[in-house]
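work.cif (mmCIF, C-alpha atoms) appears below.
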```
data_query
#
loop_
_atom_site.label_atom_id
_atom_site.label_comp_id
_atom_site.auth_asym_id
_atom_site.auth_seq_id
_atom_site.Cartn_x
_atom_site.Cartn_y
_atom_site.Cartn_z
CA MET W 1 -2.42 6.90 -38.89
CA LYS W 2 -6.17 7.35 -39.39
CA ASN W 3 -7.36 4.20 -37.64
CA GLN W 4 -5.35 3.68 -34.48
CA GLN W 5 -7.21 0.68 -33.12
CA LEU W 6 -4.07 -0.48 -31.33
CA PHE W 7 -4.74 2.18 -28.71
CA THR W 8 -8.41 1.41 -28.09
CA PRO W 9 -9.47 -0.49 -24.94
CA GLU W 10 -10.17 -4.20 -25.32
CA LYS W 11 -11.50 -6.99 -23.13
CA ILE W 12 -9.86 -10.39 -23.28
CA GLY W 13 -11.83 -12.90 -21.23
CA SER W 14 -12.52 -11.02 -18.00
CA ILE W 15 -9.37 -8.88 -18.30
CA GLU W 16 -9.98 -5.22 -19.17
CA LEU W 17 -7.08 -3.81 -21.20
CA LYS W 18 -6.23 -0.17 -21.87
CA ASN W 19 -4.99 -0.95 -25.40
CA ARG W 20 -4.47 -3.83 -27.82
CA VAL W 21 -0.67 -3.85 -27.67
CA VAL W 22 0.61 -7.06 -26.08
CA MET W 23 4.15 -7.60 -24.82
CA ALA W 24 5.08 -11.07 -26.05
CA PRO W 25 6.69 -13.62 -23.74
CA MET W 26 10.47 -13.58 -24.02
CA THR W 27 12.95 -15.75 -22.14
CA ARG W 28 15.47 -13.43 -20.44
CA CYS W 29 17.17 -15.74 -17.89
CA ARG W 30 17.44 -13.26 -15.01
CA ALA W 31 15.74 -15.40 -12.35
CA LEU W 32 18.73 -16.48 -10.26
CA LYS W 33 18.00 -19.80 -8.53
CA ASN W 34 14.70 -19.79 -10.48
CA VAL W 35 13.21 -17.09 -8.21
CA PRO W 36 11.73 -13.86 -9.65
CA ASN W 37 13.56 -10.82 -8.28
CA GLU W 38 13.60 -7.01 -8.04
CA LEU W 39 15.49 -6.65 -11.32
CA MET W 40 12.68 -8.48 -13.08
CA ALA W 41 10.12 -6.27 -11.34
CA GLU W 42 11.82 -3.19 -12.75
CA TYR W 43 11.93 -4.74 -16.24
CA TYR W 44 8.21 -5.47 -16.34
CA LYS W 45 7.29 -2.17 -14.67
CA GLN W 46 9.16 -0.25 -17.39
CA ARG W 47 7.00 -1.96 -20.04
CA SER W 48 3.64 -1.75 -18.28
CA SER W 49 2.15 0.71 -20.79
CA ALA W 50 1.38 -2.40 -22.86
CA GLY W 51 -2.27 -3.37 -22.68
CA LEU W 52 -1.22 -6.86 -21.66
CA ILE W 53 2.15 -8.25 -20.60
CA ILE W 54 2.75 -11.97 -21.04
CA THR W 55 5.68 -13.03 -18.90
CA GLU W 56 8.65 -15.06 -19.95
CA GLY W 57 8.15 -18.83 -19.88
CA THR W 58 7.71 -19.83 -16.24
CA SER W 59 7.97 -23.42 -15.10
CA PRO W 60 5.03 -25.07 -13.34
CA SER W 61 7.32 -27.68 -11.75
CA LEU W 62 10.84 -28.87 -11.04
CA ASN W 63 10.68 -31.04 -14.17
CA GLY W 64 9.87 -28.07 -16.36
CA LEU W 65 13.02 -26.07 -15.54
CA GLY W 66 14.79 -26.70 -18.83
CA TYR W 67 16.79 -23.50 -19.27
CA ALA W 68 19.33 -21.80 -17.06
CA ARG W 69 17.91 -19.10 -14.78
CA ILE W 70 14.27 -19.26 -15.83
CA PRO W 71 11.65 -18.57 -13.14
CA GLY W 72 9.24 -21.03 -11.63
CA ILE W 73 5.91 -20.58 -9.89
CA PHE W 74 5.69 -23.79 -7.88
CA ASN W 75 7.05 -22.77 -4.46
CA GLU W 76 6.48 -20.05 -1.88
CA ARG W 77 9.59 -17.98 -2.67
CA GLN W 78 8.69 -17.89 -6.34
CA VAL W 79 5.10 -16.84 -5.66
CA SER W 80 6.37 -14.11 -3.34
CA GLY W 81 8.79 -12.88 -6.01
CA TRP W 82 6.05 -12.74 -8.61
CA LYS W 83 3.79 -10.80 -6.20
CA ASN W 84 6.26 -7.92 -6.26
CA ILE W 85 6.22 -7.96 -10.06
CA THR W 86 2.44 -8.02 -10.47
CA LYS W 87 2.12 -5.19 -7.90
CA ALA W 88 4.59 -3.06 -9.86
CA VAL W 89 2.76 -3.64 -13.14
CA HIS W 90 -0.69 -3.02 -11.65
CA LYS W 91 0.50 0.16 -9.94
CA ASN W 92 1.43 1.47 -13.37
CA GLY W 93 -2.00 0.57 -14.76
CA GLY W 94 -0.90 -2.53 -16.65
CA LYS W 95 -2.24 -6.09 -16.79
CA ILE W 96 -0.05 -9.18 -16.70
CA VAL W 97 -0.50 -12.93 -17.21
CA VAL W 98 2.08 -15.61 -16.53
CA GLN W 99 3.11 -17.98 -19.29
CA LEU W 100 3.32 -21.51 -17.89
CA MET W 101 6.08 -23.30 -19.81
CA HIS W 102 7.01 -26.90 -19.10
CA SER W 103 10.11 -27.33 -21.25
CA GLY W 104 9.68 -31.10 -21.67
CA ARG W 105 12.55 -32.65 -23.64
CA ILE W 106 14.03 -29.20 -24.40
CA SER W 107 16.06 -29.34 -21.25
CA HIS W 108 19.28 -30.55 -19.68
CA PRO W 109 19.94 -32.14 -16.26
CA LEU W 110 22.60 -29.50 -15.51
CA ASN W 111 19.86 -26.85 -15.49
CA MET W 112 17.62 -28.84 -13.17
CA PRO W 113 17.54 -29.93 -9.52
CA LEU W 114 18.82 -33.42 -8.76
CA GLU W 115 15.35 -34.73 -7.91
CA SER W 116 13.89 -33.74 -11.29
CA GLU W 117 13.61 -35.59 -14.60
CA VAL W 118 13.75 -34.62 -18.27
CA LEU W 119 10.36 -35.79 -19.57
CA GLY W 120 8.66 -36.11 -22.93
CA PRO W 121 5.71 -37.90 -24.48
CA SER W 122 8.19 -40.37 -25.99
CA ALA W 123 11.88 -41.19 -25.60
CA VAL W 124 12.75 -39.16 -28.70
CA LYS W 125 15.84 -36.97 -28.38
CA ALA W 126 15.69 -33.46 -29.84
CA ALA W 127 18.44 -32.40 -32.22
CA GLY W 128 20.54 -29.50 -31.01
CA GLN W 129 22.11 -28.20 -27.83
CA MET W 130 21.15 -26.43 -24.62
CA TRP W 131 23.13 -23.78 -22.74
CA THR W 132 24.17 -24.71 -19.20
CA ASP W 133 25.96 -22.30 -16.87
CA LEU W 134 28.12 -25.16 -15.57
CA LYS W 135 29.41 -26.66 -18.83
CA GLU W 136 28.15 -24.22 -21.47
CA LEU W 137 26.54 -25.84 -24.54
CA GLN W 138 25.51 -29.47 -24.10
CA ASP W 139 23.60 -31.87 -26.36
CA PHE W 140 19.99 -32.51 -25.51
CA VAL W 141 19.39 -35.80 -23.70
CA VAL W 142 16.90 -38.56 -24.39
CA PRO W 143 13.82 -37.74 -22.31
CA LYS W 144 12.04 -40.27 -20.16
CA GLU W 145 8.80 -41.38 -21.84
CA MET W 146 6.03 -40.20 -19.55
CA SER W 147 3.98 -42.91 -17.91
CA LEU W 148 0.25 -42.42 -17.40
CA GLN W 149 1.07 -41.48 -13.81
CA ASP W 150 3.58 -38.90 -15.05
CA ILE W 151 0.89 -37.43 -17.31
CA ILE W 152 -1.59 -37.16 -14.45
CA HIS W 153 1.09 -35.57 -12.26
CA ALA W 154 2.05 -33.03 -14.93
CA LYS W 155 -1.59 -31.97 -15.27
CA THR W 156 -1.84 -31.40 -11.53
CA GLU W 157 1.37 -29.33 -11.67
CA PHE W 158 -0.12 -27.06 -14.32
CA VAL W 159 -3.27 -26.61 -12.22
CA SER W 160 -1.32 -25.90 -9.04
CA ALA W 161 0.90 -23.39 -10.87
CA ALA W 162 -2.17 -21.65 -12.30
CA GLN W 163 -3.67 -21.36 -8.83
CA ASN W 164 -0.34 -20.02 -7.55
CA ALA W 165 -0.50 -17.42 -10.33
CA LEU W 166 -3.74 -16.03 -8.92
CA PHE W 167 -2.22 -15.99 -5.41
CA ALA W 168 0.69 -14.01 -6.91
CA GLY W 169 -1.68 -11.40 -8.32
CA PHE W 170 -1.62 -12.33 -12.00
CA ASP W 171 -4.62 -11.42 -14.11
CA GLY W 172 -4.53 -14.79 -15.85
CA VAL W 173 -2.44 -17.62 -17.27
CA GLU W 174 -1.13 -18.46 -20.72
CA LEU W 175 -0.29 -22.12 -21.35
CA HIS W 176 2.74 -22.50 -23.60
CA GLY W 177 1.63 -24.90 -26.32
CA ALA W 178 4.24 -23.69 -28.82
CA ASN W 179 7.96 -23.69 -29.63
CA GLY W 180 8.51 -27.41 -29.15
CA TYR W 181 7.95 -27.61 -25.39
CA LEU W 182 5.98 -30.28 -23.58
CA LEU W 183 2.47 -29.41 -24.74
CA GLU W 184 3.48 -29.14 -28.40
CA GLU W 185 5.60 -32.29 -28.06
CA PHE W 186 2.36 -34.20 -27.50
CA LEU W 187 0.77 -32.60 -30.58
CA SER W 188 3.48 -33.63 -33.04
CA PRO W 189 3.81 -37.19 -34.40
CA VAL W 190 7.56 -36.54 -34.64
CA SER W 191 8.09 -36.15 -30.88
CA ASN W 192 5.05 -38.23 -29.86
CA ILE W 193 5.27 -41.83 -31.07
CA ARG W 194 3.11 -43.31 -28.32
CA ASN W 195 0.64 -46.09 -29.08
CA ASP W 196 -1.77 -45.48 -26.20
CA THR W 197 -4.63 -42.97 -25.83
CA TYR W 198 -2.16 -40.07 -25.92
CA GLY W 199 -0.56 -40.97 -29.26
CA GLY W 200 -1.32 -41.97 -32.82
CA SER W 201 -4.45 -40.22 -34.06
CA ILE W 202 -4.91 -36.45 -34.09
CA GLU W 203 -7.51 -36.75 -31.34
CA ASN W 204 -5.13 -38.76 -29.17
CA ARG W 205 -2.18 -36.43 -29.74
CA CYS W 206 -4.32 -33.43 -28.78
CA ARG W 207 -5.69 -35.17 -25.69
CA PHE W 208 -3.03 -34.05 -23.19
CA VAL W 209 -3.22 -30.41 -24.30
CA ILE W 210 -7.02 -30.40 -24.12
CA GLU W 211 -6.98 -32.04 -20.68
CA VAL W 212 -4.45 -29.51 -19.34
CA VAL W 213 -6.40 -26.56 -20.75
CA THR W 214 -9.68 -27.93 -19.38
CA SER W 215 -8.23 -28.55 -15.92
CA VAL W 216 -6.63 -25.11 -15.68
CA ALA W 217 -9.78 -23.38 -16.96
CA GLU W 218 -11.88 -25.21 -14.35
CA ALA W 219 -9.43 -24.31 -11.60
CA ILE W 220 -8.97 -20.57 -12.24
CA GLY W 221 -11.74 -19.70 -14.73
CA LYS W 222 -11.84 -20.05 -18.50
CA ASP W 223 -12.02 -16.23 -18.68
CA LYS W 224 -8.48 -16.09 -17.25
CA THR W 225 -6.97 -18.87 -19.38
CA GLY W 226 -5.18 -18.59 -22.73
CA ILE W 227 -2.82 -20.69 -24.81
CA ARG W 228 0.04 -20.01 -27.21
CA LEU W 229 0.31 -22.08 -30.39
CA SER W 230 2.88 -22.21 -33.20
CA PRO W 231 1.62 -24.33 -36.11
CA TYR W 232 4.33 -24.71 -38.74
CA GLY W 233 6.91 -23.54 -36.20
CA ILE W 234 10.22 -25.40 -36.28
CA ALA W 235 11.70 -24.18 -32.97
CA SER W 236 13.21 -26.88 -30.73
CA ASP W 237 13.42 -29.50 -33.48
CA MET W 238 9.77 -29.51 -34.53
CA PRO W 239 9.79 -30.62 -38.21
CA HIS W 240 6.68 -30.22 -40.30
CA TYR W 241 4.32 -33.18 -40.64
CA PRO W 242 1.47 -33.85 -43.10
CA GLU W 243 -1.38 -33.50 -40.58
CA ILE W 244 -0.48 -30.01 -39.29
CA ASP W 245 -3.55 -28.31 -40.75
CA GLU W 246 -5.89 -31.06 -39.56
CA THR W 247 -4.31 -31.02 -36.09
CA TYR W 248 -4.81 -27.30 -35.53
CA ASN W 249 -8.24 -27.32 -37.14
CA TYR W 250 -9.33 -29.97 -34.61
CA LEU W 251 -7.50 -28.37 -31.67
CA SER W 252 -8.88 -24.88 -32.25
CA LYS W 253 -12.44 -26.26 -32.39
CA GLU W 254 -11.90 -28.08 -29.09
CA LEU W 255 -10.41 -24.97 -27.47
CA ASN W 256 -13.45 -23.03 -28.61
CA LYS W 257 -15.70 -25.60 -26.89
CA ILE W 258 -13.79 -25.09 -23.64
CA GLY W 259 -14.34 -21.35 -24.02
CA ILE W 260 -10.94 -20.06 -22.93
CA ALA W 261 -10.18 -16.34 -23.19
CA TYR W 262 -7.71 -16.36 -26.04
CA ILE W 263 -5.40 -18.11 -28.45
CA HIS W 264 -2.00 -16.52 -28.99
CA LEU W 265 -0.73 -17.52 -32.44
CA VAL W 266 2.96 -17.00 -33.16
CA ASP W 267 4.65 -16.83 -36.57
CA HIS W 268 8.47 -16.94 -36.51
CA SER W 269 9.00 -16.09 -40.20
CA ALA W 270 10.53 -12.72 -39.26
CA MET W 271 13.40 -14.76 -37.78
CA GLY W 272 14.07 -16.55 -41.06
CA VAL W 273 11.86 -19.65 -40.88
CA PRO W 274 8.91 -20.50 -43.12
CA PRO W 275 5.77 -18.45 -42.40
CA VAL W 276 2.56 -19.79 -40.92
CA PRO W 277 0.24 -20.09 -43.94
CA ILE W 278 -2.56 -17.53 -43.97
CA ASP W 279 -5.06 -20.37 -44.42
CA ILE W 280 -4.33 -21.89 -41.00
CA LYS W 281 -4.57 -18.44 -39.39
CA LYS W 282 -7.98 -17.98 -41.01
CA THR W 283 -9.04 -21.48 -39.96
CA ILE W 284 -8.19 -20.82 -36.33
CA ARG W 285 -9.87 -17.41 -36.54
CA LYS W 286 -13.04 -19.03 -37.90
CA ASN W 287 -13.06 -21.90 -35.39
CA PHE W 288 -12.27 -19.91 -32.26
CA ARG W 289 -14.81 -17.26 -31.26
CA ASN W 290 -12.95 -15.54 -28.43
CA SER W 291 -9.89 -13.30 -28.66
CA LEU W 292 -7.03 -14.02 -31.06
CA ILE W 293 -3.58 -12.51 -30.50
CA LEU W 294 -1.17 -12.60 -33.44
CA CYS W 295 2.58 -12.33 -32.91
CA GLY W 296 5.62 -12.29 -35.16
CA GLY W 297 7.39 -9.53 -37.08
CA PHE W 298 4.69 -6.88 -36.77
CA ASP W 299 5.29 -3.16 -36.95
CA GLN W 300 2.65 -0.56 -36.09
CA GLU W 301 1.23 -0.39 -39.60
CA SER W 302 0.90 -4.14 -40.13
CA ALA W 303 -0.56 -4.55 -36.63
CA GLU W 304 -3.25 -1.95 -37.37
CA LEU W 305 -4.02 -3.73 -40.63
CA ALA W 306 -4.37 -7.14 -38.95
CA ILE W 307 -6.88 -5.70 -36.48
CA ALA W 308 -8.73 -3.69 -39.13
CA ASN W 309 -9.21 -6.68 -41.44
CA GLY W 310 -10.48 -8.85 -38.59
CA LEU W 311 -7.61 -11.33 -38.52
CA ALA W 312 -6.57 -10.35 -34.97
CA ASP W 313 -8.07 -8.71 -31.91
CA LEU W 314 -4.70 -7.85 -30.40
CA VAL W 315 -1.10 -7.90 -31.63
CA ALA W 316 1.97 -8.95 -29.65
CA PHE W 317 5.42 -7.43 -30.03
CA GLY W 318 8.57 -9.15 -28.78
CA ARG W 319 12.00 -7.77 -29.59
CA PRO W 320 10.83 -4.16 -30.04
CA PHE W 321 9.86 -4.18 -26.36
CA ILE W 322 13.42 -5.11 -25.32
CA ASN W 323 15.09 -1.89 -26.41
CA ASN W 324 11.93 0.26 -26.43
CA PRO W 325 10.43 -0.06 -22.94
CA ASP W 326 8.08 2.79 -23.89
CA LEU W 327 7.01 1.12 -27.15
CA VAL W 328 3.35 2.14 -26.80
CA GLU W 329 4.24 5.81 -26.30
CA ARG W 330 6.59 5.70 -29.29
CA PHE W 331 3.82 4.25 -31.44
CA LYS W 332 1.25 6.77 -30.20
CA ASN W 333 3.45 9.80 -30.73
CA ASP W 334 5.16 8.63 -33.91
CA TRP W 335 8.50 8.73 -32.16
CA PRO W 336 11.33 6.72 -33.75
CA LEU W 337 12.04 3.24 -32.39
CA SER W 338 15.46 2.57 -30.96
CA GLN W 339 17.65 0.44 -33.22
CA ASN W 340 20.19 -0.17 -30.45
CA LEU W 341 19.62 -3.84 -29.63
CA ASN W 342 22.40 -6.00 -28.22
CA ALA W 343 21.52 -9.65 -28.83
CA ASP W 344 24.59 -10.79 -26.89
CA LEU W 345 22.86 -9.60 -23.71
CA PHE W 346 19.48 -11.29 -24.27
CA TYR W 347 20.18 -14.13 -21.82
CA THR W 348 22.81 -12.79 -19.44
CA ALA W 349 22.25 -12.44 -15.71
CA ASP W 350 22.36 -8.71 -14.88
CA GLU W 351 20.77 -5.37 -15.78
CA LYS W 352 22.85 -4.77 -18.91
CA GLY W 353 20.70 -5.14 -22.00
CA TYR W 354 17.71 -5.63 -19.73
CA THR W 355 16.64 -2.60 -17.68
CA ASP W 356 19.16 -0.07 -19.02
CA TYR W 357 17.46 0.72 -22.35
CA PRO W 358 16.23 4.35 -22.07
CA SER W 359 12.80 5.73 -22.85
CA TYR W 360 12.57 8.25 -25.69
CA GLN W 361 13.39 11.85 -24.86
CA PRO W 362 11.60 14.19 -27.30
#
```
Once more with this new file: its structure as structure tokens, please.
Amino acid sequence: MKNQQLFTPEKIGSIELKNRVVMAPMTRCRALKNVPNELMAEYYKQRSSAGLIITEGTSPSLNGLGYARIPGIFNERQVSGWKNITKAVHKNGGKIVVQLMHSGRISHPLNMPLESEVLGPSAVKAAGQMWTDLKELQDFVVPKEMSLQDIIHAKTEFVSAAQNALFAGFDGVELHGANGYLLEEFLSPVSNIRNDTYGGSIENRCRFVIEVVTSVAEAIGKDKTGIRLSPYGIASDMPHYPEIDETYNYLSKELNKIGIAYIHLVDHSAMGVPPVPIDIKKTIRKNFRNSLILCGGFDQESAELAIANGLADLVAFGRPFINNPDLVERFKNDWPLSQNLNADLFYTADEKGYTDYPSYQP
């Protein structure tokens, strides 16, 4: 291709990147007992030719451990495990940020310690089921409506986890405000039916997200803080609502005022759901002056086009990184992408379908 901007260096906040290819966050469920391990270190090391790696969703607290075998970053063993991973990525010349994901109501008690609680902005049960290793698929439960004290506590957990991320050697933090987890649950009037200062109006529904982002940015630096958003996404029982455009118009302006490093905007239409309208992408692009990462169904050509036309600064790739650990090299050299992708092994517990995908041999 004539204009290969994907392979040019880029700065996102204070993070210097060797290219504009981002490895998207993907839940892989290999963290036994919620502790990052050597298998995970090998997985991320193999993919460290990406300009930026965003880790799988990582819980900031006991209450955020919604899925089986997802990692946390709230205790010493977890921080130590992540240190090995960040060292491996940095040794290979890569950069890596941790995605802080509090699962909120998208959870099940069988995946959580006894002393934890399934929380949400309101006691509104999500439709659908959650995998548990003990009893396989189980219906979601009704979450406990968070009290004001719970809200304050959750904010402190995000801040503490972000500080732990720097101790663990991460280059920054991405807050997961997408896919129907706790932060997005506050944004939506479907999952948030509160009648206090955290519910009702658009400003009130955005309040928790803005407070979390502000607190994390103050704690670790706005130049190391990003957020993922999914307007019009329907993951985790997030139906559309009339004020979506107004909500994200307001939120993106407020995020711009805070001055965080980036917004990571995901579009799941490649997986068969309605696309994010181009108008809302352009609105966020106009409102937010720092870096914008787009994610969802891109190939090399469409990624180059998105950067060339100014809609994105960087482009994230998810599934192609699973079975193409050397995705950047394949793009650069016009090598074919592997089509061997076993979805049955996405969320299993060992190396199969995880670290055993080979690099291309010319």
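Compared by their closest atoms to Ser359 (chain W), and using all atoms listed in the file, the residues W:Arg47, W:Asn192, W:Leu255, W:Asn204 rank with W:Arg47 nearest.
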Give me, please, the distance in Å between CA of Ser215 (chain W) and CA of Ile234 (chain W), quoted to one decimal.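 One can read the CA of Ser215 (chain W) to CA of Ile234 (chain W) distance as 27.7 Å.
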Would you list the contacts of Tyr43 (chain W) as a PyMOL selection string, taking every protein, DNA or RNA residue within 12 Å and counting all atoms listed in the file, but skipping same-chain residues closer than 6 positions in sequence? chain W and resi 23+26+28+30-31+36-37+53+55-56+84-86+88-89+321-326+350-358
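Residues in contact with Thr247 (chain W) at up to 9 Å, not including ones fewer than 6 positions away on its chain and judged by all atoms listed in the file, are Leu187, Ser188, Ile202, Glu203, Arg205, Cys206 and Pro231 of chain W.
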The PyMOL selection byres ((chain W and resi 58) around 6) - which residues does that actually catch in the file I just gave you? List them as JSON, numbers by chain. {"W": [57, 59, 71, 72, 99, 100, 101]}
Mind telling me what the PyMOL selection byres ((chain W and resi 292) around 7) catches here, as a PyMOL selection string? chain W and resi 262-264+290-291+293-294+312-314
So which residues get picked by the PyMOL selection byres ((chain W and resi 155) around 9) here, written as a list in words?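 With the PyMOL selection byres ((chain W and resi 155) around 9) on this model, the match is Asp150, Ile151, Ile152, His153, Ala154, Thr156, Glu157, Phe158, Val159, Ser160, Phe208, Glu211, Val212, Ser215 and Val216 of chain W.
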What lies within 9 Å of Gly51 (chain W) using only C-alpha atoms, ignoring chain neighbours under 5 positions off, as a list in words?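 The filter keeps Phe7, Pro9, Glu10, Glu16, Leu17, Lys18, Asn19, Arg20, Val21, Val22, Met23, Gly93, Gly94, Lys95, Ile96 and Val328 of chain W.
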Kindly indicate which residue among W:Gly169, W:Pro143, W:Pro121, W:Gly177 lies nearest to Tyr248 (chain W), using only C-alpha atoms for the distances.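 Looking only at the distances to Tyr248 (chain W), the closest residue turns out to be W:Gly177.
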Would you list the contacts of Asn249 (chain W) as an MDAnalysis selection string, taking every protein, DNA or RNA residue within 9 Å and counting all atoms listed in the file, but skipping same-chain residues closer than 3 positions in sequence? chainID W and resid 244:246 252:254 280 283:284 287
Just how far from CA of Lys281 (chain W) is CA of Ala308 (chain W), in Å to one decimal? 15.3 Å
